[in-house]
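Colleague: The following block contains the structure, expressed as structure tokens.
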Amino acid sequence: MLKDPEHQVAGHMAKDGRLGPLVDGEGRFFKPFQSNGRGENEAKFYESFSSNKNVPDHIRGYFPVYHGTQVVEASNGSGKLPHIVLDDVVYGYPNPSGMDVKIGSRTWYPGVSEQYFNQCLKNDRETTSVSLGFRHAGFKIFDHQESRFWIVEYKVVHGYKVDDARLVLRKFVSSNSLADSIPDSAFASEVYGGSSGILAQLLELKAWFETQTLYHFSSCSVYMFYENESILMKGRDGARAQVKLVDFTHVLDGNGVVDHNFLGGLSSFIKFIQDILERQQR
């Protein structure tokens, strides 16, 4: 029995009769084909990526595992539609704190329609995409003090400026109530730091993007998540902090050229994470 994902933080959501992804409760995530050929493009990317022997094995772990496509009943009751079937990456996390960060100073690419170009350019300029090379698309942070998730409406997140982007990255790893104006970033070393933390994972991805010319990842996101309740009970090993790349409807052939747009945005995002860790170590 498919149902709405409980821990989705951004993108099209299966609520109020809208078309969105579903999960089966057993570790599979069903993403409906998006309109205007975007769904077909994303499925084509997954097919290419899954069989591309030039992708290093350690890099494959940063992408959701692909299980093909399947026609299932759509979330909006419109009948059976094709869906991309992936691993549900937060399966087994009771209360995961998750954050979706769209990478790149531009989310458009050559050859798009004028309407699409204008819309992307507007969004890039109104958000931190142009100024920082990334922008927050959405997040859910578990506040263990209040035993509930802290969520900010998309229209508010869309309006984030540089200081807001820095603040929410600190709140993402804080133990004090998220209603507090000054986050303590108490979980920074467990989540962002260490040999297997988020920073180490991002640096491994960056090293690949410095040389990979297979694909250009336009309008893709870094999705990072962890279980902060597990830190309190188990310490560093309980966090299970992970980084995944998601959203591949606009991936293009790299044609032998480094994806500087994604690489630049990823490098900028990494600097923000490094700054938070350095601040905690002072």
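So you can find residues: chains in the structure tokens are A, B, ... in the order shown, residues in each start at 1, and ligands are numbered from 1 in order.
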Might you pull out every residue within 9 Å of range 19-29 of chain A, with only C-alpha atoms counted and same-chain residues fewer than 5 positions away left off, and present them as a list in words?

Modeller: Met1, Leu2, Lys3, Asp4, Pro5, Glu6, Gln8, Gly11, His12, Met13, Ala14, His67, Ala74, Ser75, Asn76, Gly77, Ser78, His83, Ile84, Val85, Leu86, Asp87, Asp88, Val89, Val90, Tyr91 and Gly92 of chain A

Colleague: Taking 2 positions as the minimum chain separation for residues in the same chain, which residues sit within 9 Å of range 176-179 of chain A when counting only C-alpha atoms? Answer as a PyMOL selection string.

Modeller: chain A and resi 141-146+150+171-172+174+181-186

Colleague: Name the closest residue to Phe45 in chain A among the candidates A:Thr249, A:Ser147, A:Thr107, A:Ser189; distances are taken between atoms, counting only C-alpha atoms.

Modeller: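 Smallest distance to Phe45 in chain A is found for A:Thr249.
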
Colleague: I want to know what sits within 9 Å of Phe272 in chain A, based on only C-alpha atoms, with residues of the same chain fewer than 6 positions away left out; could you give that as a ChimeraX atom specification?

Modeller: /A:165-166,169

Colleague: Can you write just those residues out, N, CA, C and O atoms, as an mmCIF file, in the first residue's frame?

Modeller:
data_model
loop_
_atom_site.group_PDB
_atom_site.id
_atom_site.type_symbol
_atom_site.label_atom_id
_atom_site.label_comp_id
_atom_site.auth_asym_id
_atom_site.auth_seq_id
_atom_site.Cartn_x
_atom_site.Cartn_y
_atom_site.Cartn_z
ATOM 1 N N ALA A 165 20.827 31.816 5.248
ATOM 2 C CA ALA A 165 21.406 30.544 4.803
ATOM 3 C C ALA A 165 22.405 30.023 5.824
ATOM 4 O O ALA A 165 22.437 28.818 6.130
ATOM 5 N N ARG A 166 23.203 30.922 6.377
ATOM 6 C CA ARG A 166 24.182 30.533 7.390
ATOM 7 C C ARG A 166 23.490 30.105 8.687
ATOM 8 O O ARG A 166 23.860 29.092 9.303
ATOM 9 N N LEU A 169 21.839 26.585 8.560
ATOM 10 C CA LEU A 169 22.834 25.516 8.595
ATOM 11 C C LEU A 169 23.346 25.290 10.014
ATOM 12 O O LEU A 169 23.742 24.174 10.367
#

Colleague: Give me the residues within 10 Å of range 210-220 of chain A as JSON, numbers by chain, counting only C-alpha atoms and dropping any in the same chain fewer than 6 places off.

Modeller: {"A": [45, 49, 52, 54, 55, 100, 101, 102, 103, 104, 105, 106, 107, 108, 109, 120, 134, 245, 246, 247, 248, 249, 250, 251, 252, 253, 254, 255, 256, 257, 258, 259, 260, 261, 262, 263, 264]}

Colleague: Would you put the residues from that selection into a file with N, CA, C and O atoms, as a CSV table (one decimal), in the first residue's frame?

Modeller:
chain,number,residue,atom,x,y,z
A,45,PHE,N,18.5,9.4,-17.4
A,45,PHE,CA,19.7,9.7,-16.7
A,45,PHE,C,20.0,8.5,-15.8
A,45,PHE,O,21.1,8.0,-15.8
A,49,PHE,N,23.3,6.4,-15.9
A,49,PHE,CA,24.2,6.5,-14.7
A,49,PHE,C,24.4,5.1,-14.2
A,49,PHE,O,25.6,4.7,-13.8
A,52,ASN,N,26.9,3.2,-16.4
A,52,ASN,CA,28.1,3.8,-16.9
A,52,ASN,C,29.3,3.4,-16.0
A,52,ASN,O,29.4,3.7,-14.9
A,54,ASN,N,32.2,4.3,-16.2
A,54,ASN,CA,33.2,5.4,-15.8
A,54,ASN,C,32.9,6.1,-14.5
A,54,ASN,O,33.7,6.9,-14.1
A,55,VAL,N,31.8,5.7,-13.9
A,55,VAL,CA,31.4,6.3,-12.6
A,55,VAL,C,32.1,5.5,-11.5
A,55,VAL,O,31.8,4.3,-11.4
A,100,ASP,N,17.3,20.1,1.9
A,100,ASP,CA,17.5,20.0,0.4
A,100,ASP,C,18.1,21.4,0.0
A,100,ASP,O,17.5,22.4,0.2
A,101,VAL,N,19.3,21.3,-0.6
A,101,VAL,CA,20.0,22.5,-1.1
A,101,VAL,C,20.3,22.4,-2.6
A,101,VAL,O,21.0,21.5,-3.0
A,102,LYS,N,19.7,23.3,-3.3
A,102,LYS,CA,19.8,23.3,-4.8
A,102,LYS,C,21.2,24.0,-5.1
A,102,LYS,O,21.5,25.1,-4.7
A,103,ILE,N,22.0,23.3,-5.9
A,103,ILE,CA,23.4,23.7,-6.1
A,103,ILE,C,23.5,24.3,-7.5
A,103,ILE,O,22.9,23.9,-8.5
A,104,GLY,N,24.3,25.4,-7.5
A,104,GLY,CA,24.6,26.1,-8.8
A,104,GLY,C,24.1,27.5,-8.8
A,104,GLY,O,23.1,27.8,-8.2
A,105,SER,N,24.9,28.4,-9.4
A,105,SER,CA,24.5,29.8,-9.4
A,105,SER,C,23.4,30.1,-10.5
A,105,SER,O,22.8,31.1,-10.5
A,106,ARG,N,23.2,29.1,-11.4
A,106,ARG,CA,22.2,29.2,-12.4
A,106,ARG,C,21.5,27.8,-12.5
A,106,ARG,O,22.1,26.8,-12.5
A,107,THR,N,20.2,27.9,-12.6
A,107,THR,CA,19.4,26.6,-12.7
A,107,THR,C,18.9,26.4,-14.1
A,107,THR,O,18.1,25.5,-14.4
A,108,TRP,N,19.2,27.3,-15.1
A,108,TRP,CA,18.8,27.2,-16.5
A,108,TRP,C,20.0,26.6,-17.2
A,108,TRP,O,21.1,26.6,-16.7
A,109,TYR,N,19.8,26.3,-18.5
A,109,TYR,CA,20.9,25.7,-19.3
A,109,TYR,C,20.6,26.1,-20.8
A,109,TYR,O,19.4,26.4,-21.1
A,120,CYS,N,13.6,30.8,-14.4
A,120,CYS,CA,14.8,30.3,-13.6
A,120,CYS,C,15.7,31.5,-13.2
A,120,CYS,O,16.2,31.6,-12.1
A,134,PHE,N,24.3,28.5,-4.3
A,134,PHE,CA,23.4,27.5,-3.8
A,134,PHE,C,22.2,28.2,-3.1
A,134,PHE,O,22.3,29.4,-2.8
A,245,LEU,N,22.8,13.0,-3.8
A,245,LEU,CA,22.4,14.0,-4.8
A,245,LEU,C,21.0,13.5,-5.3
A,245,LEU,O,20.8,12.3,-5.5
A,246,VAL,N,20.1,14.5,-5.6
A,246,VAL,CA,18.8,14.2,-6.0
A,246,VAL,C,18.3,15.2,-7.1
A,246,VAL,O,18.9,16.2,-7.2
A,247,ASP,N,17.2,14.8,-7.8
A,247,ASP,CA,16.6,15.6,-8.8
A,247,ASP,C,17.4,15.8,-10.0
A,247,ASP,O,18.3,16.6,-10.2
A,248,PHE,N,17.1,14.9,-11.0
A,248,PHE,CA,17.9,14.8,-12.2
A,248,PHE,C,17.1,15.0,-13.5
A,248,PHE,O,17.4,14.4,-14.5
A,249,THR,N,16.0,15.8,-13.4
A,249,THR,CA,15.2,16.0,-14.6
A,249,THR,C,15.9,16.9,-15.7
A,249,THR,O,15.5,16.9,-16.8
A,250,HIS,N,16.9,17.6,-15.3
A,250,HIS,CA,17.6,18.5,-16.2
A,250,HIS,C,19.1,18.2,-16.4
A,250,HIS,O,19.9,19.1,-16.7
A,251,VAL,N,19.5,16.9,-16.2
A,251,VAL,CA,20.9,16.5,-16.4
A,251,VAL,C,21.2,16.5,-17.9
A,251,VAL,O,20.4,16.0,-18.7
A,252,LEU,N,22.3,17.0,-18.3
A,252,LEU,CA,22.8,17.0,-19.6
A,252,LEU,C,24.0,16.3,-19.8
A,252,LEU,O,24.8,16.0,-18.9
A,253,ASP,N,24.3,15.9,-21.1
A,253,ASP,CA,25.6,15.2,-21.4
A,253,ASP,C,26.7,16.2,-21.1
A,253,ASP,O,26.7,17.4,-21.5
A,254,GLY,N,27.8,15.8,-20.5
A,254,GLY,CA,28.9,16.7,-20.1
A,254,GLY,C,29.8,17.1,-21.3
A,254,GLY,O,30.5,18.1,-21.3
A,255,ASN,N,29.8,16.2,-22.4
A,255,ASN,CA,30.5,16.5,-23.6
A,255,ASN,C,32.0,16.8,-23.3
A,255,ASN,O,32.6,17.7,-24.0
A,256,GLY,N,32.6,16.1,-22.3
A,256,GLY,CA,34.0,16.3,-22.0
A,256,GLY,C,34.4,17.6,-21.3
A,256,GLY,O,35.5,17.9,-21.2
A,257,VAL,N,33.4,18.3,-20.8
A,257,VAL,CA,33.6,19.6,-20.1
A,257,VAL,C,33.2,19.5,-18.6
A,257,VAL,O,32.2,18.9,-18.3
A,258,VAL,N,34.1,20.0,-17.8
A,258,VAL,CA,33.8,20.0,-16.3
A,258,VAL,C,32.5,20.8,-16.0
A,258,VAL,O,32.3,21.9,-16.6
A,259,ASP,N,31.7,20.4,-15.1
A,259,ASP,CA,30.5,21.1,-14.7
A,259,ASP,C,30.8,22.2,-13.7
A,259,ASP,O,30.7,22.0,-12.5
A,260,HIS,N,31.3,23.3,-14.2
A,260,HIS,CA,31.8,24.4,-13.4
A,260,HIS,C,30.6,25.0,-12.6
A,260,HIS,O,30.9,25.5,-11.4
A,261,ASN,N,29.4,25.0,-13.1
A,261,ASN,CA,28.3,25.6,-12.4
A,261,ASN,C,28.0,24.8,-11.1
A,261,ASN,O,27.9,25.4,-10.0
A,262,PHE,N,28.0,23.5,-11.2
A,262,PHE,CA,27.7,22.7,-10.0
A,262,PHE,C,28.9,22.7,-9.1
A,262,PHE,O,28.8,22.8,-7.9
A,263,LEU,N,30.1,22.6,-9.6
A,263,LEU,CA,31.4,22.5,-8.9
A,263,LEU,C,31.5,23.8,-8.1
A,263,LEU,O,31.9,23.8,-6.9
A,264,GLY,N,31.2,25.0,-8.7
A,264,GLY,CA,31.4,26.2,-8.0
A,264,GLY,C,30.4,26.4,-6.8
A,264,GLY,O,30.7,26.8,-5.7

Colleague: When DSSP works through the backbone of this structure, what residues of range 22-166 of chain A end up as strand (DSSP E or B), shown as a ChimeraX atom specification?

Modeller: /A:22-23,28-32,66-73,80-87,97-103,134-143,148-151

Colleague: Contacts of range 152-163 of chain A at 9 Å or less, counting only C-alpha atoms, minus same-chain residues fewer than 6 places along, as a count of residues only?

Modeller: 13

Colleague: Using DSSP on the backbone, list every residue of range 95-216 of chain A that comes out as alpha helix (DSSP H), and give them as number ranges by chain.

Modeller: A: 114-126, 129-132, 154-158, 162-171, 188-191, 198-209

Colleague: Suppose we keep C-alpha atoms; can you now write the selection as a short mmCIF file (atom, residue, chain, number, x, y, z; two decimals), in the first residue's frame?

Modeller:
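Written out: selection-v4.cif:
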data_model
loop_
_atom_site.label_atom_id
_atom_site.label_comp_id
_atom_site.auth_asym_id
_atom_site.auth_seq_id
_atom_site.Cartn_x
_atom_site.Cartn_y
_atom_site.Cartn_z
CA GLU A 114 12.51 31.77 -23.16
CA GLN A 115 9.73 31.33 -20.59
CA TYR A 116 11.68 28.72 -18.66
CA PHE A 117 14.87 30.80 -18.86
CA ASN A 118 13.11 33.89 -17.52
CA GLN A 119 11.52 31.96 -14.65
CA CYS A 120 14.83 30.34 -13.65
CA LEU A 121 16.70 33.63 -13.88
CA LYS A 122 14.09 35.31 -11.69
CA ASN A 123 14.31 32.57 -9.05
CA ASP A 124 18.11 32.55 -9.14
CA ARG A 125 18.27 36.31 -8.61
CA GLU A 126 15.61 36.40 -5.89
CA SER A 129 21.70 31.08 -6.02
CA VAL A 130 23.45 33.96 -7.77
CA SER A 131 25.19 35.37 -4.70
CA LEU A 132 26.24 32.10 -3.06
CA TYR A 154 8.62 27.50 1.11
CA LYS A 155 7.84 31.15 0.39
CA VAL A 156 9.87 32.13 3.48
CA VAL A 157 12.77 29.84 2.57
CA HIS A 158 12.65 31.22 -0.99
CA VAL A 162 23.09 35.10 3.04
CA ASP A 163 22.69 35.43 6.81
CA ASP A 164 19.56 33.25 6.74
CA ALA A 165 21.41 30.54 4.80
CA ARG A 166 24.18 30.53 7.39
CA LEU A 167 21.76 30.56 10.32
CA VAL A 168 19.68 27.59 9.16
CA LEU A 169 22.83 25.52 8.60
CA ARG A 170 23.69 26.17 12.24
CA LYS A 171 20.15 25.35 13.39
CA ALA A 188 28.15 20.17 14.39
CA SER A 189 31.18 17.99 15.10
CA GLU A 190 29.10 14.77 15.05
CA VAL A 191 27.15 15.61 11.90
CA ILE A 198 28.81 15.48 5.91
CA LEU A 199 31.87 17.63 5.20
CA ALA A 200 34.00 14.58 4.36
CA GLN A 201 31.28 13.31 2.04
CA LEU A 202 30.92 16.69 0.32
CA LEU A 203 34.69 16.91 -0.18
CA GLU A 204 34.69 13.45 -1.77
CA LEU A 205 31.97 14.58 -4.16
CA LYS A 206 33.87 17.80 -4.90
CA ALA A 207 36.99 15.81 -5.82
CA TRP A 208 34.93 13.90 -8.39
CA PHE A 209 33.30 17.03 -9.81
#

Colleague: Go ahead and compute the interatomic distance for CA of Ser196 in chain A and CA of Arg240 in chain A, in Å to one decimal.

Modeller: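 Atom-to-atom, CA of Ser196 in chain A to CA of Arg240 in chain A, that is 8.9 Å.
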
Colleague: Taking only C-alpha atoms into account, which of A:His7, A:Lys244, A:Arg60, A:Lys53 comes nearest Tyr223 in chain A?

Modeller: A:Lys244

Colleague: Mind giving me the straight-line distance from CA of Asp275 in chain A to CA of His58 in chain A in Å, one decimal?

Modeller: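 So the two atoms, CA of Asp275 in chain A and CA of His58 in chain A, lie 26.1 Å apart.
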
Colleague: Just how far from CA of Ser51 in chain A is CA of Tyr93 in chain A, in Å to one decimal?

Modeller: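 We find that CA of Tyr93 in chain A and CA of Ser51 in chain A lie 29.0 Å from each other.
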